[in-house]
Amino acid sequence: MSALGVVGGVVQPVLIVAGSPLLVGLMRQVRARLEGRAGAGAGQPWRDLRKLLRKERIAPRGTSEVFRFAPLVLVATTLVVAVVVPFIATESALDPVADLFAVVALLALGAVALALAGLDTGTAFGGMGASREMTILALVEPTLLVAIFALSVRVGSTNLGAIVSSTLHDPARVISPASLLAAVALIVVIVAETGRIPVDNPSTHLELTMVHEAMVLEYAGPDLALVELASAMRLSVFLGLLANLFAPWGIATEATPLAVLIGVLALVVKVGVLGGLLAAAEVFVAKLRLFRVPELLAGSFLLALLAVAASFFLV
Amino acid sequence: MNLSATGMAAAVAVGLVTALLAVIRARTAVIGAGTALTGAAAVFAGAAALAGGSFSLVLPGVLPLSGVALTLDPLGGLFVAVTGGVAVATGIYAVSYADTPDLRARGVQVALPVFVVAMVLVPAAANVATLLVCWELMALASLVLVVAEHRRGPQVASAGRWYAVMTHLGFMSVLIGLMVFVAHAPDDSFTALREAGRHLSPAVAGVVFVAALAGFGSKAGIVPLHAWLPRAHPEAPSHVSALMSAAMVNLGVYGLVRVGVDLLGGGAAWWWLLVLALGALSAVYGILQAAMSSDLKRLLGQSTTENMGLVLIGVGAAGLFASFGDHTLAALALTAALLHVVGHAAFKTLLFLAAGSVLHATGSRDLDALGGLRPVMPVTTAAFGLGALAASALPPGTAFVSEWLLLQALIHGLPAGGVTAAIAMPVAVAAVALTAGLAVATFVKAFGVGFLARPRSDAASNAHESPFTMLAGMGVAAVVCVVLALWPAGILPAVQAAAGGVAVSGDVTLRLDQATGALSPLLLTLGLVAAVIVVAGVVRAVVARRVRREARLWDCGGGPMSARMEYTATSFAEPLQRVFDDVVQPELDVDVSHHQESRYLVQAVEYRRKMPDRIERRLYRPVLSVITAWGEAGRVLAPGSVHRYLGYGFYAVCGVLILLAVTR
């Protein structure tokens, strides 16, 4: 474990935890302004979290430990990802965990914990949300793994540090067809995984369309705060991953304060810009019907497959 | 006599003595304990063989023509050890589980240790005759066990018939393949075959391989020869299901690796592409069926097809890489496949034993009637939860490590083999990924609907925890699952010895030898646990009020919700069923009856969904109907007249005599 890795492992989780509600606030603000509303300001999610944390803890009748532990597991998986993925420094605190497959599987573990919690409540909403979430997760997986495949071909490894360093040393590869196709496929996957429009609408509570919100309907108080924080963190983590896989510039390669500061600023700017773009795009699209989502994902799967083909045939 | 020979001798001796003890009154306990001891001896023998202590033994007089020949090399040793491990857990479990009137019958009790002994001997066979005899003994013993509970209903006998017919067709296929092979060798010992395998013409080798693939593949439950598996595995008593699903199917993989890789020495790329394609098809189709299933044990059986498919993807990739000349990568793929065999044996034992525990307590396997088992069966719930985590390729689970290795092998195989690999590898990765995703959905369904929430039937609400020995059997499997998940490096040397090449090294962290790639399941788990503790600590420090208040579920103001309002396994799988509508083609039947006064008032809605196996309908039904038609036609020849039958005999003898007179 190098000094750079330790710095990254300490600074990244702090930055993600502190910054992700702000990212969500920023995205809501962008949406509000584009829709002609004033908006509540970027700090609103933090104020919501503070309010929720002060409330009483609730245990809905008939739920088991699964329901109680799910928010912890959800936050913990995202936290581990925030520690190990090279967001601000090229070296990872836990290099043997900084594998793209492991990171993706960890994030899936969080989603599974929440789905089980949804089923554990025994309500129709909980089951519905869990069922839909698992369907989307199952369909996203092929795209995700084939896109990872396309990205790893040029490096010969799925280690995140290796992929990021390789892109840093050879920036021209970013605009190769394989890389661009994989990027588009990954964007669709990230939209699906983080529950954004057009796959899921994070601000709806309409039973016909809810996915994520249906699963967490029984949570209240501090538990809900954890769930909200975790979903904000997942969004930041996915956007950060996207940014650093395709545009890792600015990331710290040595453990000097200046390099780390630049790394932090670069990540904040990249994720902020991506989040802003995502929010702006959301204004212009409607949510898809649940049963049209597979078509979207099939399209992105095709792009990922083309990306692998391109990485092999167009070198 | 070295350690592995001692272990094998002990396993066979204990197993057969145990079988003889079935006459005594307290047979259930004796047979269970004896089976567990047989398993322990087999684990010992397998471990000794994996550590390098192989042995050979020839007993010429025991079987006519070629005699019995036994040997234990690392590949066989791995499968012997896995079988033994499964037998230990199931033997302990059977002490209480098999104590029912149906299962106490002597014939059934005798079959259990005989089945285990036969399974232990199959990977130790050193000539074709021994292999086939043990193979058939294994099939017969398991058949007795499958139909043990035939009083439960006609579906058990039907499952038994399917199993009997398909296992014997598979046996014939293996027999034909190996006989063709033996015809080109001086005798039927594996040493002679290994020598002869190098000089076989590609056509003959191809015939041998395809016949062996069909025979061994059907034992492994590979699509399209899987039809017996989702019938026989759920209908068998649960400890037998565990033995069949976790140990017996592995021997199909063993046979394929033994014949294809060892005896035939690799072979053409198309063989392994075929294996890879069948593996991918089985994995996706198996898990898709499991995702739709609402029968707990059937779901587990279908998931066995899926896992054997994943193993075959690894075996196929290994053969493909070897045919391209990349032996390190081939070793990596085969290591991944064999590690998955071991991991699958551990978690499928655990899952089937837990499902048996549920069946024991509630009498139901129907997920739509279960639920709410967490408060009444905490240990079984924990066991199934652990098994489900291990089976769904999520960290920190057992299958996650082997699937990670498999994906690494597939990814690094892209540059190795030109255009073939460039097309096969991405498709294989996509198949593995889709399988992994659907497996997650399947096991979330099985665990979430089957064990959590509120009970959906009286049987589920009146359930009780199982007796100690059943829990102990599950405990053994659970410990193995945890060890495999956290410290796979512990058995990696053994698996690599069986795979015949070293491609991964490391202790806490697994590192690929020929590429940059590393994974540490232990560090990952520790990180996760640390993160949970940190988050819990921070929340505890921050929140104002720590005591949880119990509250009503949100019921839209409509009063307390009944269990009928819960999501069931069928409704959970509905979105997936709609997405894969074209593949599974379910038969839906919705009947809406209206009130007489007004068509707008619905009186009742009846919804029926059947999920027939589409491959089975397309592939088996035509064959079965042809056979039936043939039988019907044949009945014209047999009207029941004795004179006519005498006439047939007379003409047949005359015909043979004329034929002999003409040809000699």
# chains A, B, ... in the order shown; residues from 1 in each chain; ligands from 1
$ residues_around --residues "Phe125 in chain A" --least-positions-apart "6" --cutoff "8 Å" --atoms "only C-alpha atoms" --output "PDB file with N, CA and C atoms, in the first residue's frame"
ATOM      1  N   GLY A 118     -36.958  -4.847   0.622  1.00  0.00           N
ATOM      2  CA  GLY A 118     -38.274  -4.567   0.048  1.00  0.00           C
ATOM      3  C   GLY A 118     -39.187  -5.774   0.163  1.00  0.00           C
ATOM      4  N   GLU A 207     -47.468   4.411  -8.186  1.00  0.00           N
ATOM      5  CA  GLU A 207     -47.195   2.977  -8.083  1.00  0.00           C
ATOM      6  C   GLU A 207     -46.908   2.306  -9.419  1.00  0.00           C
ATOM      7  N   ALA A 214     -40.287   2.353  -4.553  1.00  0.00           N
ATOM      8  CA  ALA A 214     -41.217   1.353  -4.032  1.00  0.00           C
ATOM      9  C   ALA A 214     -40.540   0.453  -3.006  1.00  0.00           C
ATOM     10  N   MET A 215     -39.256   0.142  -3.254  1.00  0.00           N
ATOM     11  CA  MET A 215     -38.545  -0.746  -2.333  1.00  0.00           C
ATOM     12  C   MET A 215     -38.328  -0.081  -0.984  1.00  0.00           C
ATOM     13  N   LEU A 217     -40.102   2.256   0.495  1.00  0.00           N
ATOM     14  CA  LEU A 217     -41.282   2.956   0.986  1.00  0.00           C
ATOM     15  C   LEU A 217     -41.454   2.841   2.495  1.00  0.00           C
TER      16      LEU A 217
END
$ interface_residues --of "chain B" --to "chain A" --cutoff "7 Å" --atoms "only C-alpha atoms" --output "JSON, numbers by chain"
{"B": [394, 395, 411, 412, 422, 426, 429, 430, 433, 434, 437, 438, 441, 444, 448, 449, 452, 453, 454, 509, 515, 516, 517, 518, 519, 520, 524, 527, 528, 531, 532, 535, 536, 543, 544, 545, 546, 547, 548, 549, 550, 551, 552, 553, 554, 565, 566, 567, 572, 573, 575, 576, 579]}
